[in-house]
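Visitor: Below are the structure tokens for one structure; questions will follow.
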Amino acid sequence: MTQYMLSVYGTAETYDMPLEEAQPMYEATGRFNEKLMADGSWVFGGGLERIENSTTVDGTGGDAIVTDGPYLETKEFLGGFWIIEAPDLDAALKLAAEGSKACGGKVEVRPFQPEPE
Amino acid sequence: MTQGADLRAEIDRIYREEYGRVVASLARRFGDLDIAEDAAGEALLTAIERWPVDGIPPNPGGWLTTTAGNRAIDRLRRESLRDTKHQAAMMITDDTPHEPTGPVEDDRLRLVFTCCHPALAPEARVALTLRLLGGLTVEEIARAFLVPETTMAQRITRAKAKIKAAHIPYRVPDHDDVTDRLGGVLAVIYLVYNEGYLAGSGDDPVRVELTAEAIRLGRILRQLLPAEGEVAGLLALMLLSEARRTARFAGGELVTLEEQDRSGWDRALITEGHALVRECLARVASTSSRPGQYQILAAINAVHTDANDARDTDWTQIVALYDQLYAVAPTPIVALNRAVAVAELDGPDVALAIVDSLDLGGYHAWHATRADLLRRLGRSAEARAEYDAAIAATQNPAETAYLSRRRAHLVGPDA
């Protein structure tokens, strides 16, 4: 089994969507999450707050430097993610297709590096 | 000396012939393409050393697979400890349960689906298929696709790294997905074929070899999936195109279907292609299924190769088949090819109206078709300008020669 991160990218507009429009997606995503948990694929997942609420910390120098905002200023940014376990990429892509349909966003599938031995 | 050279050529031929099978078998067994490829290479070296002394073994493919398997185990043993020890112990007995596959159990079939996986870039799929299943060297593939060898090597290395890191499986897709995924495999094989077919006459022989390689892959696929209509259709399409390949060029110039010397067509390939098309038609009729694009294209080619003289071509049937093709693949290129057939049936004016409605400006075949229709309508000045546009849009010297001759033969005033 390999762990994959399924990342959902969105824009500010995704967050401005009126609740009645967003509601079906929340519900579909909820059902998808339950399915992942039921079949044992679920490791972790969730939606992220607006990008304005992020803070960047640089601890590479002496004292850590804290700045308001994201590391990269881009129009599209990570809006949420799942971490799943799947036997191979085909299985992960299948789940990603379901997740994309549920949440209404494109999903990037990326394998985790194996644990160092 | 000559004998030694002959033997070496024979070893190389066997090696290329068996390469896909050896690598596919090892890839399944060891789950690693690099190990599989390296071991196959070492098996070749052993063969070069041993076969001149011992003679070529009765089952050279089996010999190469066994030898490569032993080399791979040796390597795993030599390499580091913990994990490898465990792996090697597993490999020696090779009791890994075969994963359930789709319709057919064949290592090469698994590997072709891996090489043509949609998660890989299209150009990488083509390169990997030629490398791992076709046994072409990186240098040969680079030459065939006119890119530097380092670029091609990098493309293949990256694709293999992704297969490993993302765990792209060596597996025939489930029944539900096999049709979709098969489409991707067929597209790769057809691309390989066209890369060779459209290359032109005086070009590098490696490019011509691509058509042979594509047909070989098509035959393997046909052997593995005999019930798939599109697999038969693609093979038939390639065979019927290949039958006309040498007649397509004369004196470095492209010869159109209409002007080709039909006695130069390869009758054996045509017979084989026609038999496959008949098989497809029978399957479509008995299952009342809709034929896919390769079967329809094969049928169009069957109608063309059925006529001993261009004037005997059944254009009604060809237009009907293009209508069918357009329903399956509604692309402007299909519409353009349909228009060429319409010109024969309903006249160049009707065809020109269709051609003019297509948004294909800059595409050499669109300009060439338009030029030819204008010529036939006696609109020489416009035809001349259109030939110029076609010549500017093509990079194929044989096509340029043909278009230039046609342009020079136009009657009427210069524009």
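Chains: A, B, ... in order of the structure tokens. Residues: from 1 per chain. Ligands: from 1, in order shown.
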I need the residues in range 99-333 of chain B that are strand (DSSP E or B) according to DSSP; give them as a PyMOL selection string.
Guide: chain B and resi 249-250+253-254
Visitor: Mind writing the picked residues with N, CA and C atoms as a CSV table (one decimal), in the first residue's frame?
Guide:
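Written output follows (part.csv):
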chain,number,residue,atom,x,y,z
B,249,PHE,N,5.8,6.7,-53.3
B,249,PHE,CA,6.9,7.6,-53.7
B,249,PHE,C,7.5,7.2,-55.0
B,250,ALA,N,7.8,8.1,-55.8
B,250,ALA,CA,8.5,7.8,-57.1
B,250,ALA,C,9.5,9.0,-57.3
B,253,GLU,N,9.3,11.9,-55.0
B,253,GLU,CA,8.1,12.7,-55.0
B,253,GLU,C,6.9,11.9,-54.5
B,254,LEU,N,6.1,12.5,-53.8
B,254,LEU,CA,4.9,11.9,-53.2
B,254,LEU,C,3.9,11.6,-54.4
Visitor: Would you list which chain A residues are within 10 Å of chain B using only C-alpha atoms, as a list in words?
Guide: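 Putting it all together, I get Met1, Thr2, Gln3, Tyr4, Ala86, Pro87, Asp88, Leu89, Asp90, Ala91, Ala92, Leu93, Val109, Arg110, Pro111, Phe112, Gln113, Pro114 and Glu117 of chain A.
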Visitor: What is the CA of Pro24 in chain A to CA of Gly104 in chain A distance in Å?
Guide: 9.8 Å
Visitor: Which residues come within 8 Å of Ile141 in chain B, counting only C-alpha atoms, excluding same-chain residues fewer than 3 positions away, as a list of chain:residue names?
Guide: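 Surrounding residues, per the criterion: B:Ala127, B:Leu130, B:Arg131, B:Leu136, B:Thr137, B:Val138, B:Ala144, B:Phe145, B:Met152.
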Visitor: What does the file look like for those residues with N, CA and C atoms, as a PDB file, in the first residue's frame?
Guide:
ATOM      1  N   ALA B 127       7.768   6.597 -26.383  1.00  0.00           N
ATOM      2  CA  ALA B 127       9.176   6.236 -26.201  1.00  0.00           C
ATOM      3  C   ALA B 127       9.316   4.965 -25.364  1.00  0.00           C
ATOM      4  N   LEU B 130       8.299   1.817 -27.323  1.00  0.00           N
ATOM      5  CA  LEU B 130       9.317   1.401 -28.289  1.00  0.00           C
ATOM      6  C   LEU B 130      10.537   0.805 -27.597  1.00  0.00           C
ATOM      7  N   ARG B 131      10.893   1.390 -26.454  1.00  0.00           N
ATOM      8  CA  ARG B 131      12.063   0.921 -25.729  1.00  0.00           C
ATOM      9  C   ARG B 131      11.806  -0.441 -25.091  1.00  0.00           C
ATOM     10  N   LEU B 136      13.832  -1.243 -29.127  1.00  0.00           N
ATOM     11  CA  LEU B 136      14.676  -0.264 -29.822  1.00  0.00           C
ATOM     12  C   LEU B 136      15.596   0.402 -28.807  1.00  0.00           C
ATOM     13  N   THR B 137      16.777   0.801 -29.264  1.00  0.00           N
ATOM     14  CA  THR B 137      17.677   1.476 -28.351  1.00  0.00           C
ATOM     15  C   THR B 137      17.240   2.933 -28.206  1.00  0.00           C
ATOM     16  N   VAL B 138      17.696   3.564 -27.122  1.00  0.00           N
ATOM     17  CA  VAL B 138      17.365   4.969 -26.891  1.00  0.00           C
ATOM     18  C   VAL B 138      17.840   5.807 -28.083  1.00  0.00           C
ATOM     19  N   ALA B 144      14.557   8.488 -34.528  1.00  0.00           N
ATOM     20  CA  ALA B 144      13.251   8.373 -35.169  1.00  0.00           C
ATOM     21  C   ALA B 144      12.377   9.586 -34.877  1.00  0.00           C
ATOM     22  N   PHE B 145      12.505  10.145 -33.690  1.00  0.00           N
ATOM     23  CA  PHE B 145      11.662  11.282 -33.331  1.00  0.00           C
ATOM     24  C   PHE B 145      12.408  12.605 -33.407  1.00  0.00           C
ATOM     25  N   MET B 152      15.915  12.218 -25.207  1.00  0.00           N
ATOM     26  CA  MET B 152      15.115  10.993 -25.208  1.00  0.00           C
ATOM     27  C   MET B 152      15.442  10.141 -23.995  1.00  0.00           C
TER      28      MET B 152
END
Visitor: Within 10 Å of Glu18 in chain B, counting only C-alpha atoms, which residues qualify if same-chain residues fewer than 5 places away don't, as number ranges by chain?
Guide: B: 12-13, 23, 40, 60-62, 64-65, 133-135
Visitor: Could those residues be written to a file, using C-alpha atoms, as an mmCIF file, in the first residue's frame?
Guide:
data_model
loop_
_atom_site.group_PDB
_atom_site.id
_atom_site.type_symbol
_atom_site.label_atom_id
_atom_site.label_comp_id
_atom_site.auth_asym_id
_atom_site.auth_seq_id
_atom_site.Cartn_x
_atom_site.Cartn_y
_atom_site.Cartn_z
ATOM 1 C CA ASP B 12 20.701 -9.226 -32.327
ATOM 2 C CA ARG B 13 17.576 -10.175 -34.239
ATOM 3 C CA VAL B 23 11.608 -7.350 -19.877
ATOM 4 C CA ALA B 40 18.049 -8.246 -20.099
ATOM 5 C CA PRO B 60 16.336 -18.675 -27.187
ATOM 6 C CA GLY B 61 13.556 -16.568 -25.633
ATOM 7 C CA GLY B 62 13.291 -18.892 -22.665
ATOM 8 C CA LEU B 64 17.276 -15.185 -22.311
ATOM 9 C CA THR B 65 14.484 -14.910 -19.721
ATOM 10 C CA LEU B 133 8.304 -3.663 -25.850
ATOM 11 C CA GLY B 134 9.952 -2.929 -29.171
ATOM 12 C CA GLY B 135 13.492 -3.337 -27.900
#
Visitor: Which residues are near Gly10 in chain A? Cut-off 9 Å, only C-alpha atoms, ignore same chain within fewer than 3 positions. Put them as a list in words.
Guide: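 Within the cut-off, the hits are Glu13, Thr14, Tyr15, Lys75, Glu76, Phe77, Leu78, Gly79, Gly80, Gly105 and Lys106 of chain A.
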Visitor: Need to verify the contact set: range 382-394 of chain B, 6 Å, only C-alpha atoms, exclusion of same-chain residues closer than 6 positions in sequence. Can you return it as a compact mmCIF listing (two decimals) with C-alpha atoms, in the first residue's frame?
Guide:
# COMPACT_ATOMS: atom_id res chain seq x y z
CA HIS B 364 -0.65 21.57 -45.11
CA HIS B 367 -4.10 23.94 -48.30
CA ALA B 368 -3.13 21.07 -50.60
CA ALA B 371 -5.36 23.94 -54.13
CA LEU B 374 -9.38 25.10 -57.19
CA ARG B 375 -7.20 23.61 -59.93
CA THR B 400 7.01 19.68 -51.55
CA ARG B 407 1.78 24.15 -59.24
Visitor: If we count only C-alpha atoms and set the cut-off at 7 Å, which residues sit around range 55-57 of chain A, ignoring sequence neighbours fewer than 4 positions away in its own chain? Please answer as a PyMOL selection string.
Guide: chain A and resi 64-71
Visitor: May I have the residues from that selection written out with N, CA and C atoms, as a compact mmCIF listing (two decimals), in the first residue's frame?
Guide:
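Result file is part-v2.txt:
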# COMPACT_ATOMS: atom_id res chain seq x y z
N ALA A 64 13.29 32.72 14.11
CA ALA A 64 12.24 32.48 13.13
C ALA A 64 11.58 33.80 12.75
N ILE A 65 11.38 33.99 11.44
CA ILE A 65 10.72 35.20 10.97
C ILE A 65 9.31 34.84 10.55
N VAL A 66 8.36 35.57 11.11
CA VAL A 66 6.95 35.29 10.85
C VAL A 66 6.38 36.36 9.94
N THR A 67 5.75 35.94 8.83
CA THR A 67 5.11 36.93 7.94
C THR A 67 3.67 36.53 7.68
N ASP A 68 2.86 37.55 7.50
CA ASP A 68 1.45 37.33 7.17
C ASP A 68 1.34 36.86 5.72
N GLY A 69 0.50 35.89 5.46
CA GLY A 69 0.22 35.48 4.08
C GLY A 69 0.90 34.19 3.68
N PRO A 70 0.58 33.74 2.49
CA PRO A 70 1.12 32.46 2.01
C PRO A 70 2.57 32.57 1.55
N TYR A 71 3.23 31.43 1.38
CA TYR A 71 4.61 31.39 0.90
C TYR A 71 4.66 31.84 -0.54
Visitor: Using only C-alpha atoms, pick whichever of A:Glu52, A:Glu27, A:Asp39, A:Glu34 has the shortest atom-to-atom distance to Ala12 in chain A.
Guide: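 Counting only C-alpha atoms, the residue closest to Ala12 in chain A is A:Glu52.
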Visitor: Mind giving me the straight-line distance from CA of Thr271 in chain B to CA of Ile220 in chain B in Å, one decimal?
Guide: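 These atoms are spaced 19.0 Å apart.
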Visitor: Using DSSP on the backbone coordinates, identify the residues of range 248-349 of chain B assigned to helix (DSSP H, G or I); present them as a count of residues only.
Guide: 76
